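data_33.cif (mmCIF, C-alpha atoms)
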```cif
data_start
#
loop_
_atom_site.group_PDB
_atom_site.id
_atom_site.type_symbol
_atom_site.label_atom_id
_atom_site.label_comp_id
_atom_site.auth_asym_id
_atom_site.auth_seq_id
_atom_site.Cartn_x
_atom_site.Cartn_y
_atom_site.Cartn_z
ATOM 1 C CA GLY Y 1218 24.101 5.830 -30.252
ATOM 2 C CA GLU Y 1219 22.659 3.285 -27.861
ATOM 3 C CA VAL Y 1220 19.662 3.695 -25.617
ATOM 4 C CA ARG Y 1221 19.969 1.838 -22.316
ATOM 5 C CA TYR Y 1222 17.157 1.003 -19.909
ATOM 6 C CA ALA Y 1223 17.525 0.544 -16.147
ATOM 7 C CA ARG Y 1224 14.766 -1.297 -14.314
ATOM 8 C CA ASP Y 1225 15.194 0.719 -11.136
ATOM 9 C CA ALA Y 1226 17.231 3.564 -9.686
ATOM 10 C CA PHE Y 1227 19.988 1.343 -8.295
ATOM 11 C CA GLU Y 1228 20.510 -0.381 -11.629
ATOM 12 C CA GLY Y 1229 20.656 3.107 -13.116
ATOM 13 C CA LEU Y 1230 23.448 4.011 -10.707
ATOM 14 C CA ARG Y 1231 25.445 0.929 -11.687
ATOM 15 C CA LEU Y 1232 24.909 1.709 -15.365
ATOM 16 C CA MET Y 1233 26.107 5.305 -14.918
ATOM 17 C CA ASP Y 1234 29.136 4.144 -12.908
ATOM 18 C CA ALA Y 1235 30.085 1.836 -15.789
ATOM 19 C CA LEU Y 1236 29.483 4.565 -18.371
ATOM 20 C CA ILE Y 1237 31.697 7.065 -16.546
ATOM 21 C CA ALA Y 1238 34.418 4.440 -16.155
ATOM 22 C CA VAL Y 1239 34.333 3.786 -19.909
ATOM 23 C CA LYS Y 1240 34.417 7.527 -20.646
ATOM 24 C CA ARG Y 1241 37.463 7.931 -18.405
ATOM 25 C CA GLY Y 1242 39.254 5.052 -20.109
ATOM 26 C CA ILE Y 1243 39.647 2.960 -16.969
ATOM 27 C CA PRO Y 1244 41.242 -0.370 -17.979
ATOM 28 C CA GLY Y 1245 38.728 -3.211 -18.127
ATOM 29 C CA ALA Y 1246 35.717 -0.893 -17.885
ATOM 30 C CA GLU Y 1247 32.754 -1.832 -20.071
ATOM 31 C CA LEU Y 1248 29.023 -1.447 -20.228
ATOM 32 C CA PRO Y 1249 26.822 -4.393 -19.238
ATOM 33 C CA PRO Y 1250 26.087 -6.672 -22.202
ATOM 34 C CA LEU Y 1251 22.899 -5.997 -24.101
ATOM 35 C CA LYS Y 1252 20.021 -8.392 -23.595
ATOM 36 C CA GLN Y 1253 17.871 -9.617 -26.445
ATOM 37 C CA ARG Y 1254 14.364 -8.253 -26.173
ATOM 38 C CA ARG Y 1255 11.679 -10.893 -26.289
ATOM 39 C CA VAL Y 1256 8.443 -10.024 -28.061
ATOM 40 C CA PRO Y 1257 5.559 -12.489 -27.613
ATOM 41 C CA GLY Y 1258 4.541 -13.936 -30.990
ATOM 42 C CA ARG Y 1259 0.830 -13.592 -30.537
ATOM 43 C CA THR Y 1260 -1.747 -11.024 -31.538
ATOM 44 C CA ALA Y 1261 -3.985 -9.505 -28.913
ATOM 45 C CA VAL Y 1262 -7.691 -10.036 -29.457
ATOM 46 C CA LEU Y 1263 -10.140 -7.627 -27.922
ATOM 47 C CA ASP Y 1264 -13.240 -9.080 -26.348
ATOM 48 C CA VAL Y 1265 -16.059 -6.849 -27.562
ATOM 49 C CA ARG Y 1266 -18.892 -8.989 -26.284
ATOM 50 C CA GLU Y 1267 -21.510 -7.391 -24.106
ATOM 51 C CA PRO Y 1268 -20.827 -8.085 -20.411
ATOM 52 C CA GLU Y 1269 -22.979 -10.700 -18.790
ATOM 53 C CA GLU Y 1270 -25.915 -9.575 -16.773
ATOM 54 C CA ALA Y 1271 -24.953 -10.588 -13.252
ATOM 55 C CA GLY Y 1272 -25.612 -9.504 -9.714
ATOM 56 C CA ARG Y 1273 -23.472 -10.333 -6.739
ATOM 57 C CA SER Y 1274 -20.816 -13.010 -6.915
ATOM 58 C CA ASP Y 1275 -20.963 -16.173 -4.823
ATOM 59 C CA VAL Y 1276 -19.396 -14.461 -1.781
ATOM 60 C CA ALA Y 1277 -21.117 -15.562 1.434
ATOM 61 C CA VAL Y 1278 -23.572 -13.167 3.070
ATOM 62 C CA ASP Y 1279 -24.007 -15.008 6.368
ATOM 63 C CA ASN Y 1280 -20.617 -14.289 7.943
ATOM 64 C CA PRO Y 1281 -20.722 -12.572 11.339
ATOM 65 C CA VAL Y 1282 -20.544 -8.784 11.241
ATOM 66 C CA PRO Y 1283 -18.113 -7.540 13.912
ATOM 67 C CA THR Y 1284 -18.990 -4.768 16.321
ATOM 68 C CA PRO Y 1285 -16.381 -1.990 16.226
ATOM 69 C CA PRO Y 1286 -15.084 -0.473 19.470
ATOM 70 C CA PHE Y 1287 -16.393 2.937 18.356
ATOM 71 C CA TRP Y 1288 -18.059 4.649 15.417
ATOM 72 C CA GLY Y 1289 -16.407 7.583 13.689
ATOM 73 C CA THR Y 1290 -12.731 8.482 13.772
ATOM 74 C CA ARG Y 1291 -9.761 8.658 16.121
ATOM 75 C CA VAL Y 1292 -6.340 10.276 15.774
ATOM 76 C CA VAL Y 1293 -3.193 8.652 17.165
ATOM 77 C CA LYS Y 1294 0.062 10.614 17.136
ATOM 78 C CA GLY Y 1295 3.551 9.831 18.347
ATOM 79 C CA VAL Y 1296 3.629 6.166 17.312
ATOM 80 C CA GLN Y 1297 7.131 5.012 18.219
ATOM 81 C CA LEU Y 1298 9.410 3.326 15.680
ATOM 82 C CA LYS Y 1299 9.873 0.306 17.947
ATOM 83 C CA GLU Y 1300 6.133 -0.361 17.716
ATOM 84 C CA TYR Y 1301 6.072 -0.867 13.940
ATOM 85 C CA ALA Y 1302 9.719 -1.532 12.956
ATOM 86 C CA GLY Y 1303 9.070 -5.270 13.327
ATOM 87 C CA TRP Y 1304 6.558 -5.003 10.471
ATOM 88 C CA LEU Y 1305 9.231 -3.785 8.050
ATOM 89 C CA ASP Y 1306 9.401 -6.136 5.065
ATOM 90 C CA GLU Y 1307 13.178 -6.359 4.731
ATOM 91 C CA ASN Y 1308 12.937 -8.522 1.623
ATOM 92 C CA ALA Y 1309 10.934 -5.810 -0.159
ATOM 93 C CA LEU Y 1310 13.366 -3.172 1.097
ATOM 94 C CA PHE Y 1311 16.609 -4.914 0.152
ATOM 95 C CA LYS Y 1312 15.509 -6.379 -3.169
ATOM 96 C CA GLY Y 1313 12.765 -4.018 -4.316
ATOM 97 C CA GLN Y 1314 13.979 -0.664 -3.011
ATOM 98 C CA TRP Y 1315 17.734 -1.038 -2.578
ATOM 99 C CA GLY Y 1316 18.408 -3.366 -5.505
ATOM 100 C CA LEU Y 1317 20.309 -5.981 -3.477
ATOM 101 C CA LYS Y 1318 19.631 -9.356 -5.079
ATOM 102 C CA GLU Y 1319 22.205 -11.714 -3.554
ATOM 103 C CA ALA Y 1320 22.074 -13.071 -0.006
ATOM 104 C CA ASP Y 1321 25.757 -12.261 0.508
ATOM 105 C CA SER Y 1322 25.318 -8.601 -0.415
ATOM 106 C CA ILE Y 1323 22.244 -8.332 1.808
ATOM 107 C CA ALA Y 1324 24.135 -9.773 4.790
ATOM 108 C CA ALA Y 1325 27.339 -7.828 4.209
ATOM 109 C CA GLU Y 1326 25.905 -4.524 3.018
ATOM 110 C CA GLY Y 1327 22.149 -4.319 3.423
ATOM 111 C CA THR Y 1328 21.609 -5.316 7.037
ATOM 112 C CA PRO Y 1329 24.369 -3.100 8.532
ATOM 113 C CA ARG Y 1330 23.202 -0.081 6.506
ATOM 114 C CA LEU Y 1331 19.612 -0.680 7.547
ATOM 115 C CA ARG Y 1332 20.597 -0.685 11.229
ATOM 116 C CA GLY Y 1333 22.611 2.477 10.658
ATOM 117 C CA TRP Y 1334 19.706 4.268 9.001
ATOM 118 C CA LEU Y 1335 17.264 3.193 11.726
ATOM 119 C CA ASP Y 1336 19.643 4.487 14.398
ATOM 120 C CA ARG Y 1337 19.986 7.795 12.555
ATOM 121 C CA MET Y 1338 16.223 8.119 12.174
ATOM 122 C CA HIS Y 1339 15.813 7.626 15.888
ATOM 123 C CA THR Y 1340 18.677 9.929 16.891
ATOM 124 C CA ASP Y 1341 17.730 12.740 14.493
ATOM 125 C CA ARG Y 1342 14.010 12.298 15.190
ATOM 126 C CA LEU Y 1343 13.203 12.056 11.507
ATOM 127 C CA LEU Y 1344 9.982 10.105 12.017
ATOM 128 C CA GLU Y 1345 6.649 11.573 13.115
ATOM 129 C CA ALA Y 1346 4.410 8.538 12.749
ATOM 130 C CA ALA Y 1347 0.706 9.216 13.090
ATOM 131 C CA VAL Y 1348 -2.580 7.534 12.233
ATOM 132 C CA VAL Y 1349 -6.169 8.582 11.698
ATOM 133 C CA TYR Y 1350 -8.635 5.738 11.402
ATOM 134 C CA GLY Y 1351 -12.255 4.909 11.970
ATOM 135 C CA TYR Y 1352 -15.238 2.627 11.568
ATOM 136 C CA PHE Y 1353 -18.319 3.443 9.547
ATOM 137 C CA PRO Y 1354 -21.686 1.713 9.050
ATOM 138 C CA CYS Y 1355 -22.331 0.645 5.481
ATOM 139 C CA VAL Y 1356 -24.305 -1.547 3.079
ATOM 140 C CA SER Y 1357 -23.755 -2.660 -0.488
ATOM 141 C CA LYS Y 1358 -25.956 -1.891 -3.446
ATOM 142 C CA GLY Y 1359 -24.910 -3.636 -6.653
ATOM 143 C CA ASP Y 1360 -21.320 -2.591 -7.320
ATOM 144 C CA ASP Y 1361 -21.544 0.262 -4.810
ATOM 145 C CA LEU Y 1362 -20.502 0.441 -1.182
ATOM 146 C CA VAL Y 1363 -22.756 2.941 0.561
ATOM 147 C CA ILE Y 1364 -21.392 4.620 3.710
ATOM 148 C CA LEU Y 1365 -24.147 5.563 6.129
ATOM 149 C CA ASP Y 1366 -24.441 8.277 8.752
ATOM 150 C CA GLU Y 1367 -25.640 7.758 12.325
ATOM 151 C CA ASP Y 1368 -29.270 7.969 11.174
ATOM 152 C CA GLY Y 1369 -28.852 5.342 8.445
ATOM 153 C CA ALA Y 1370 -28.933 7.826 5.557
ATOM 154 C CA GLU Y 1371 -26.394 7.728 2.758
ATOM 155 C CA ARG Y 1372 -23.267 9.752 3.506
ATOM 156 C CA THR Y 1373 -21.150 8.824 0.488
ATOM 157 C CA ARG Y 1374 -20.572 5.846 -1.780
ATOM 158 C CA PHE Y 1375 -17.746 4.050 -3.547
ATOM 159 C CA THR Y 1376 -18.273 2.317 -6.894
ATOM 160 C CA PHE Y 1377 -15.942 -0.634 -7.522
ATOM 161 C CA PRO Y 1378 -15.244 -2.589 -10.728
ATOM 162 C CA ARG Y 1379 -16.471 -6.150 -11.101
ATOM 163 C CA GLN Y 1380 -14.382 -8.966 -12.557
ATOM 164 C CA SER Y 1381 -15.211 -9.707 -16.157
ATOM 165 C CA ARG Y 1382 -14.800 -13.458 -15.648
ATOM 166 C CA GLY Y 1383 -14.194 -16.075 -12.978
ATOM 167 C CA ARG Y 1384 -16.153 -15.441 -9.787
ATOM 168 C CA ARG Y 1385 -17.017 -11.909 -10.982
ATOM 169 C CA LEU Y 1386 -15.851 -10.492 -7.686
ATOM 170 C CA CYS Y 1387 -16.414 -6.907 -6.617
ATOM 171 C CA LEU Y 1388 -15.402 -5.297 -3.320
ATOM 172 C CA ALA Y 1389 -19.025 -4.365 -2.681
ATOM 173 C CA ASP Y 1390 -19.873 -8.087 -2.471
ATOM 174 C CA PHE Y 1391 -17.973 -8.388 0.814
ATOM 175 C CA PHE Y 1392 -20.611 -6.306 2.612
ATOM 176 C CA ARG Y 1393 -24.235 -6.978 3.517
ATOM 177 C CA PRO Y 1394 -26.594 -6.047 0.683
ATOM 178 C CA GLU Y 1395 -29.013 -3.214 1.358
ATOM 179 C CA GLU Y 1396 -32.026 -5.492 0.885
ATOM 180 C CA SER Y 1397 -30.883 -7.743 3.747
ATOM 181 C CA GLY Y 1398 -31.922 -5.124 6.265
ATOM 182 C CA GLU Y 1399 -28.598 -5.562 8.080
ATOM 183 C CA THR Y 1400 -25.867 -2.973 8.495
ATOM 184 C CA ASP Y 1401 -22.208 -3.839 7.946
ATOM 185 C CA VAL Y 1402 -18.994 -2.076 9.002
ATOM 186 C CA ILE Y 1403 -15.901 -0.888 7.131
ATOM 187 C CA GLY Y 1404 -12.611 0.328 8.539
ATOM 188 C CA LEU Y 1405 -10.695 3.210 6.963
ATOM 189 C CA GLN Y 1406 -7.172 4.339 7.799
ATOM 190 C CA VAL Y 1407 -4.551 6.880 6.785
ATOM 191 C CA VAL Y 1408 -1.025 6.575 8.163
ATOM 192 C CA THR Y 1409 2.085 8.697 7.712
ATOM 193 C CA VAL Y 1410 5.665 8.777 8.975
ATOM 194 C CA GLY Y 1411 5.635 12.554 8.648
ATOM 195 C CA SER Y 1412 7.281 15.250 6.547
ATOM 196 C CA LYS Y 1413 10.723 15.432 8.200
ATOM 197 C CA ILE Y 1414 11.923 12.301 6.436
ATOM 198 C CA GLY Y 1415 10.985 13.832 3.070
ATOM 199 C CA GLU Y 1416 12.964 16.962 3.925
ATOM 200 C CA ALA Y 1417 15.984 14.808 4.822
ATOM 201 C CA THR Y 1418 15.841 12.875 1.542
ATOM 202 C CA ALA Y 1419 15.483 16.137 -0.417
ATOM 203 C CA LYS Y 1420 18.681 17.480 1.177
ATOM 204 C CA LEU Y 1421 20.562 14.321 0.217
ATOM 205 C CA PHE Y 1422 19.350 14.642 -3.364
ATOM 206 C CA GLU Y 1423 20.325 18.322 -3.557
ATOM 207 C CA SER Y 1424 23.810 17.475 -2.296
ATOM 208 C CA ASP Y 1425 24.232 14.830 -5.040
ATOM 209 C CA SER Y 1426 24.319 12.051 -2.404
ATOM 210 C CA TYR Y 1427 22.224 9.855 -4.668
ATOM 211 C CA ARG Y 1428 22.928 6.478 -3.125
ATOM 212 C CA ALA Y 1429 22.153 7.737 0.379
ATOM 213 C CA TYR Y 1430 19.057 9.472 -1.021
ATOM 214 C CA LEU Y 1431 17.788 6.286 -2.652
ATOM 215 C CA GLU Y 1432 18.448 4.224 0.456
ATOM 216 C CA LEU Y 1433 16.740 6.641 2.846
ATOM 217 C CA HIS Y 1434 13.848 7.268 0.466
ATOM 218 C CA GLY Y 1435 13.287 3.542 -0.105
ATOM 219 C CA LEU Y 1436 13.452 2.843 3.623
ATOM 220 C CA SER Y 1437 10.999 5.633 4.448
ATOM 221 C CA VAL Y 1438 8.493 4.290 1.902
ATOM 222 C CA GLN Y 1439 8.758 0.785 3.373
ATOM 223 C CA LEU Y 1440 8.415 2.150 6.922
ATOM 224 C CA ALA Y 1441 5.165 3.840 5.912
ATOM 225 C CA GLU Y 1442 4.008 0.462 4.639
ATOM 226 C CA ALA Y 1443 5.161 -1.173 7.887
ATOM 227 C CA LEU Y 1444 3.136 1.356 9.871
ATOM 228 C CA ALA Y 1445 0.099 0.612 7.687
ATOM 229 C CA GLU Y 1446 0.501 -3.140 8.303
ATOM 230 C CA TYR Y 1447 0.945 -2.572 12.034
ATOM 231 C CA TRP Y 1448 -2.208 -0.492 12.252
ATOM 232 C CA HIS Y 1449 -4.107 -2.899 10.046
ATOM 233 C CA ALA Y 1450 -3.335 -5.572 12.642
ATOM 234 C CA ARG Y 1451 -4.627 -3.195 15.322
ATOM 235 C CA VAL Y 1452 -7.884 -2.760 13.402
ATOM 236 C CA ARG Y 1453 -8.297 -6.527 13.011
ATOM 237 C CA ALA Y 1454 -7.754 -6.949 16.739
ATOM 238 C CA GLU Y 1455 -10.327 -4.266 17.552
ATOM 239 C CA LEU Y 1456 -12.828 -5.976 15.259
ATOM 240 C CA GLY Y 1457 -12.183 -9.308 16.952
ATOM 241 C CA ILE Y 1458 -11.012 -11.114 13.802
ATOM 242 C CA ALA Y 1459 -7.295 -11.442 14.619
ATOM 243 C CA GLY Y 1460 -7.586 -14.821 16.323
ATOM 244 C CA SER Y 1461 -6.336 -16.708 13.276
ATOM 245 C CA ASP Y 1462 -3.361 -14.431 12.567
ATOM 246 C CA PRO Y 1463 -0.205 -16.446 11.742
ATOM 247 C CA ALA Y 1464 2.534 -16.546 14.363
ATOM 248 C CA ALA Y 1465 5.379 -15.823 11.920
ATOM 249 C CA MET Y 1466 5.804 -12.438 10.234
ATOM 250 C CA ASP Y 1467 6.295 -14.133 6.846
ATOM 251 C CA GLY Y 1468 2.714 -15.345 7.102
ATOM 252 C CA MET Y 1469 1.553 -11.816 7.839
ATOM 253 C CA PHE Y 1470 3.337 -10.509 4.739
ATOM 254 C CA ARG Y 1471 1.561 -13.236 2.735
ATOM 255 C CA THR Y 1472 -1.763 -11.980 4.148
ATOM 256 C CA GLU Y 1473 -2.593 -15.316 5.784
ATOM 257 C CA TYR Y 1474 -5.206 -13.737 8.026
ATOM 258 C CA GLN Y 1475 -8.827 -12.610 7.997
ATOM 259 C CA GLY Y 1476 -9.459 -9.043 6.972
ATOM 260 C CA CYS Y 1477 -7.878 -7.446 3.922
ATOM 261 C CA ARG Y 1478 -6.384 -3.962 3.480
ATOM 262 C CA TYR Y 1479 -6.995 -2.411 0.071
ATOM 263 C CA SER Y 1480 -5.104 0.660 -1.110
ATOM 264 C CA LEU Y 1481 -6.558 2.802 -3.856
ATOM 265 C CA GLY Y 1482 -5.052 2.552 -7.314
ATOM 266 C CA TYR Y 1483 -4.959 -1.247 -7.433
ATOM 267 C CA PRO Y 1484 -7.236 -3.417 -9.625
ATOM 268 C CA ALA Y 1485 -9.981 -4.014 -7.052
ATOM 269 C CA CYS Y 1486 -10.304 -0.272 -6.305
ATOM 270 C CA PRO Y 1487 -8.493 1.667 -9.059
ATOM 271 C CA GLU Y 1488 -10.220 5.033 -8.758
ATOM 272 C CA LEU Y 1489 -7.756 7.448 -7.133
ATOM 273 C CA SER Y 1490 -10.397 10.171 -6.883
ATOM 274 C CA ASP Y 1491 -12.009 8.033 -4.149
ATOM 275 C CA ARG Y 1492 -9.215 9.332 -1.929
ATOM 276 C CA ALA Y 1493 -11.198 12.532 -1.632
ATOM 277 C CA LYS Y 1494 -14.060 10.541 -0.093
ATOM 278 C CA ILE Y 1495 -11.718 8.877 2.400
ATOM 279 C CA ALA Y 1496 -10.242 12.279 3.215
ATOM 280 C CA ASP Y 1497 -13.732 13.694 3.786
ATOM 281 C CA LEU Y 1498 -14.523 10.861 6.199
ATOM 282 C CA LEU Y 1499 -11.203 10.746 8.092
ATOM 283 C CA ARG Y 1500 -9.940 14.362 7.786
ATOM 284 C CA PRO Y 1501 -6.252 13.321 7.571
ATOM 285 C CA GLU Y 1502 -5.093 16.938 7.673
ATOM 286 C CA ARG Y 1503 -5.258 16.414 11.437
ATOM 287 C CA ILE Y 1504 -2.076 14.312 11.084
ATOM 288 C CA GLY Y 1505 -0.521 16.535 8.425
ATOM 289 C CA VAL Y 1506 -1.607 14.542 5.356
ATOM 290 C CA HIS Y 1507 -3.124 16.376 2.399
ATOM 291 C CA LEU Y 1508 -4.331 15.490 -1.091
ATOM 292 C CA SER Y 1509 -2.912 17.050 -4.230
ATOM 293 C CA GLU Y 1510 -5.044 17.998 -7.215
ATOM 294 C CA GLU Y 1511 -3.980 14.662 -8.746
ATOM 295 C CA PHE Y 1512 -5.178 12.814 -5.621
ATOM 296 C CA GLN Y 1513 -1.669 12.006 -4.421
ATOM 297 C CA LEU Y 1514 -0.971 11.882 -0.689
ATOM 298 C CA HIS Y 1515 1.476 14.352 0.802
ATOM 299 C CA PRO Y 1516 3.815 13.690 2.528
ATOM 300 C CA GLU Y 1517 4.720 10.970 0.049
ATOM 301 C CA GLN Y 1518 5.477 8.541 2.882
ATOM 302 C CA SER Y 1519 1.781 8.106 3.656
ATOM 303 C CA THR Y 1520 -0.816 5.500 2.756
ATOM 304 C CA ASP Y 1521 -4.586 5.199 2.892
ATOM 305 C CA ALA Y 1522 -6.704 2.073 2.836
ATOM 306 C CA LEU Y 1523 -10.046 0.387 3.221
ATOM 307 C CA VAL Y 1524 -10.086 -2.510 5.684
ATOM 308 C CA ILE Y 1525 -12.633 -5.227 4.905
ATOM 309 C CA HIS Y 1526 -13.378 -7.830 7.578
ATOM 310 C CA HIS Y 1527 -15.064 -10.483 5.404
ATOM 311 C CA PRO Y 1528 -13.250 -13.864 5.665
ATOM 312 C CA GLU Y 1529 -13.321 -14.302 1.871
ATOM 313 C CA ALA Y 1530 -11.820 -10.880 1.151
ATOM 314 C CA GLY Y 1531 -8.526 -11.153 -0.737
ATOM 315 C CA TYR Y 1532 -6.606 -9.470 -3.525
ATOM 316 C CA PHE Y 1533 -7.890 -10.001 -7.046
ATOM 317 C CA ASN Y 1534 -7.397 -8.442 -10.452
ATOM 318 C CA ALA Y 1535 -9.651 -7.824 -13.432
ATOM 319 C CA GLY Y 1536 -9.445 -11.450 -14.491
ATOM 320 C CA GLY Y 1537 -9.319 -13.717 -11.451
ATOM 321 C CA ARG Y 1538 -8.146 -13.978 -7.879
ATOM 322 C CA ARG Y 1539 -4.384 -13.757 -7.378
#
```
Take the structure in the file and write it out as C-alpha cells.
Amino acid sequence: GEVRYARDAFEGLRLMDALIAVKRGIPGAELPPLKQRRVPGRTAVLDVREPEEAGRSDVAVDNPVPTPPFWGTRVVKGVQLKEYAGWLDENALFKGQWGLKEADSIAAEGTPRLRGWLDRMHTDRLLEAAVVYGYFPCVSKGDDLVILDEDGAERTRFTFPRQSRGRRLCLADFFRPEESGETDVIGLQVVTVGSKIGEATAKLFESDSYRAYLELHGLSVQLAEALAEYWHARVRAELGIAGSDPAAMDGMFRTEYQGCRYSLGYPACPELSDRAKIADLLRPERIGVHLSEEFQLHPEQSTDALVIHHPEAGYFNAGGRR
C-alpha cells in the first residue's frame, strides 16, 4: 500500500477526510496527488579540521550596561488577556498552527473563529497568565556566562556554543568579559498561560473533537508566545532600551528592536538542561510551572528565556547570522 505524509495536523485531517470519503465510495472522492520527492544530487562532506583557536568575536564591549530596576526576582500573577492579546502573531497562528494558507480562508474562517475562541477563553476563564522574571549580575568568561551572587561570587554558569565560521559568535560575547572588571546584567523570564487551557484541550481530544482541539491548542501555544513577547517588551522598557522599538507590531515580530529574547533549544543556546539553572534562579513553581525529567516545561503553554540587552544581539545559527 501507500504511505502518505502530512506536514502538520491540519493537513493530516484533510488527508483523513479524503481517505474516508474514498473508502465510503463518495462520487468524485480521491486522495491528493502524490508529489515527486526531490533529493539533492550532492554528497555531504564532513569538515574534520581542528577548530580555529579564537577568543571572543568582534562584538563591541563598550556599549552601555543598563541598570535594572531591581536585582533578583519578581512574580506577577493575573495578567489580563487584553494586556497581551495585541502581541498575538495572527500570521503564525493562522498559517503555522491552523493550516490556513489563503487570504480568503483566513478572512472567512480564521478571523471569526479566533474571535470566538478568545471570547470563550475570557468567558470560561481558561487563562491564568503569570510571569516570574528577574535581573542578575553576570560576566563572561570565554564561552561561558557566569551568573554572580550579591557578593560577586559565582552562582551558576551557562556554556554556549560558538559559531564555527563567520563572526564566530557566542552568546557569552554579548556580556562584559570578566577581565574588564565591569559587571553586566542579564534578564531571565518564565511565562505561562496556566493549566486550565491544557485541561480544556485534553477534554476536546478525548471527545474526538479534533479540529476544535487543534485550534484551541494552537491558539494557546501562540498566546503563551504573545505573553512572552509582551513581557519581553516590559523588560526592555525597565532596562531603558525600548526607545528604538518600532511603532508597528510587524516590526516587533521581526525583532527590529534592541534586546533579544533567546529560548533554550535553539542554535545559540541548544542545551535544554540549562532550564534547570533558570528554574533554580527564578523558582517558576511559584507560578505553577515545573520541569519534567526531560527538561520540558509544564504546563506546555509556558516559555522560558534569556533576555540580552546588547545592541548587537540577534538570532544566529551554527554557521552565520540569520
One decimal, Å: what's the distance from atom CA of Leu1444 of chain Y over to atom CA of Val1410 of chain Y, could you say?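 Distance reported for this atom pair: 7.9 Å.
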From Y:Glu1511, Y:Asp1425, Y:Asp1521, Y:Asp1368, residue lying nearest Thr1409 of chain Y [all atoms listed in the file]: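 Counting all atoms listed in the file, the residue closest to Thr1409 of chain Y is Y:Asp1521.
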Name every residue that the PyMOL selection byres ((chain Y and resi 1514) around 12) selects in this structure, writing the answer as a PyMOL selection string with chains first and numbers rising. chain Y and resi 1407-1409+1411-1412+1480-1481+1489-1490+1492-1493+1495-1496+1501-1502+1505-1513+1515-1522
Just want the 10 Å neighbourhood of Met1469 of chain Y, counted on only C-alpha atoms, with same-chain residues fewer than 4 positions away dropped. Output as a list in words.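 Everything that qualifies: Trp1304, Glu1446, Ala1450, Asp1462, Pro1463, Ala1464, Ala1465, Glu1473 and Tyr1474 of chain Y.
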Need the shell around segment 1529-1534 of chain Y: protein/DNA/RNA residues with any atom at most 12 Å away, counting only C-alpha atoms. Skip same-chain ones fewer than 6 positions apart. Format as a VMD selection string? chain Y and resid 1274 to 1280 1377 to 1392 1471 to 1480 1482 to 1487 1523
For Val1452 of chain Y, which residue out of Y:Ala1223, Y:Ala1238, Y:Leu1331, Y:Val1349 is the nearest one, using only C-alpha atoms? Y:Val1349
Can you give me N, CA, C and O atoms for segment 1298-1309 of chain Y, written as a PDB file, in the coordinates of the input?
```
ATOM      1  N   LEU Y1298       8.833   4.213  16.686  1.00  0.00           N
ATOM      2  CA  LEU Y1298       9.410   3.326  15.680  1.00  0.00           C
ATOM      3  C   LEU Y1298       9.454   1.886  16.155  1.00  0.00           C
ATOM      4  O   LEU Y1298       9.189   0.957  15.381  1.00  0.00           O
ATOM      5  N   LYS Y1299       9.769   1.662  17.423  1.00  0.00           N
ATOM      6  CA  LYS Y1299       9.873   0.306  17.947  1.00  0.00           C
ATOM      7  C   LYS Y1299       8.556  -0.449  17.868  1.00  0.00           C
ATOM      8  O   LYS Y1299       8.542  -1.684  17.861  1.00  0.00           O
ATOM      9  N   GLU Y1300       7.440   0.287  17.781  1.00  0.00           N
ATOM     10  CA  GLU Y1300       6.133  -0.361  17.716  1.00  0.00           C
ATOM     11  C   GLU Y1300       5.873  -0.991  16.344  1.00  0.00           C
ATOM     12  O   GLU Y1300       5.192  -2.014  16.258  1.00  0.00           O
ATOM     13  N   TYR Y1301       6.377  -0.369  15.286  1.00  0.00           N
ATOM     14  CA  TYR Y1301       6.072  -0.867  13.940  1.00  0.00           C
ATOM     15  C   TYR Y1301       7.294  -1.309  13.143  1.00  0.00           C
ATOM     16  O   TYR Y1301       7.147  -1.833  12.031  1.00  0.00           O
ATOM     17  N   ALA Y1302       8.512  -1.133  13.688  1.00  0.00           N
ATOM     18  CA  ALA Y1302       9.719  -1.532  12.956  1.00  0.00           C
ATOM     19  C   ALA Y1302       9.718  -3.028  12.656  1.00  0.00           C
ATOM     20  O   ALA Y1302      10.248  -3.465  11.625  1.00  0.00           O
ATOM     21  N   GLY Y1303       9.124  -3.831  13.548  1.00  0.00           N
ATOM     22  CA  GLY Y1303       9.070  -5.270  13.327  1.00  0.00           C
ATOM     23  C   GLY Y1303       8.216  -5.670  12.137  1.00  0.00           C
ATOM     24  O   GLY Y1303       8.298  -6.807  11.665  1.00  0.00           O
ATOM     25  N   TRP Y1304       7.405  -4.740  11.639  1.00  0.00           N
ATOM     26  CA  TRP Y1304       6.558  -5.003  10.471  1.00  0.00           C
ATOM     27  C   TRP Y1304       7.243  -4.603   9.175  1.00  0.00           C
ATOM     28  O   TRP Y1304       6.644  -4.702   8.098  1.00  0.00           O
ATOM     29  N   LEU Y1305       8.492  -4.153   9.251  1.00  0.00           N
ATOM     30  CA  LEU Y1305       9.231  -3.785   8.050  1.00  0.00           C
ATOM     31  C   LEU Y1305       9.533  -5.035   7.227  1.00  0.00           C
ATOM     32  O   LEU Y1305      10.131  -5.985   7.725  1.00  0.00           O
ATOM     33  N   ASP Y1306       9.141  -5.025   5.978  1.00  0.00           N
ATOM     34  CA  ASP Y1306       9.401  -6.136   5.065  1.00  0.00           C
ATOM     35  C   ASP Y1306      10.810  -5.939   4.494  1.00  0.00           C
ATOM     36  O   ASP Y1306      11.003  -5.236   3.500  1.00  0.00           O
ATOM     37  N   GLU Y1307      11.794  -6.559   5.136  1.00  0.00           N
ATOM     38  CA  GLU Y1307      13.178  -6.359   4.731  1.00  0.00           C
ATOM     39  C   GLU Y1307      13.446  -6.921   3.338  1.00  0.00           C
ATOM     40  O   GLU Y1307      14.281  -6.394   2.604  1.00  0.00           O
ATOM     41  N   ASN Y1308      12.759  -7.965   2.966  1.00  0.00           N
ATOM     42  CA  ASN Y1308      12.937  -8.522   1.623  1.00  0.00           C
ATOM     43  C   ASN Y1308      12.530  -7.508   0.561  1.00  0.00           C
ATOM     44  O   ASN Y1308      13.235  -7.306  -0.433  1.00  0.00           O
ATOM     45  N   ALA Y1309      11.384  -6.837   0.783  1.00  0.00           N
ATOM     46  CA  ALA Y1309      10.934  -5.810  -0.159  1.00  0.00           C
ATOM     47  C   ALA Y1309      11.887  -4.622  -0.155  1.00  0.00           C
ATOM     48  O   ALA Y1309      12.135  -4.002  -1.199  1.00  0.00           O
TER      49      ALA Y1309
END
```
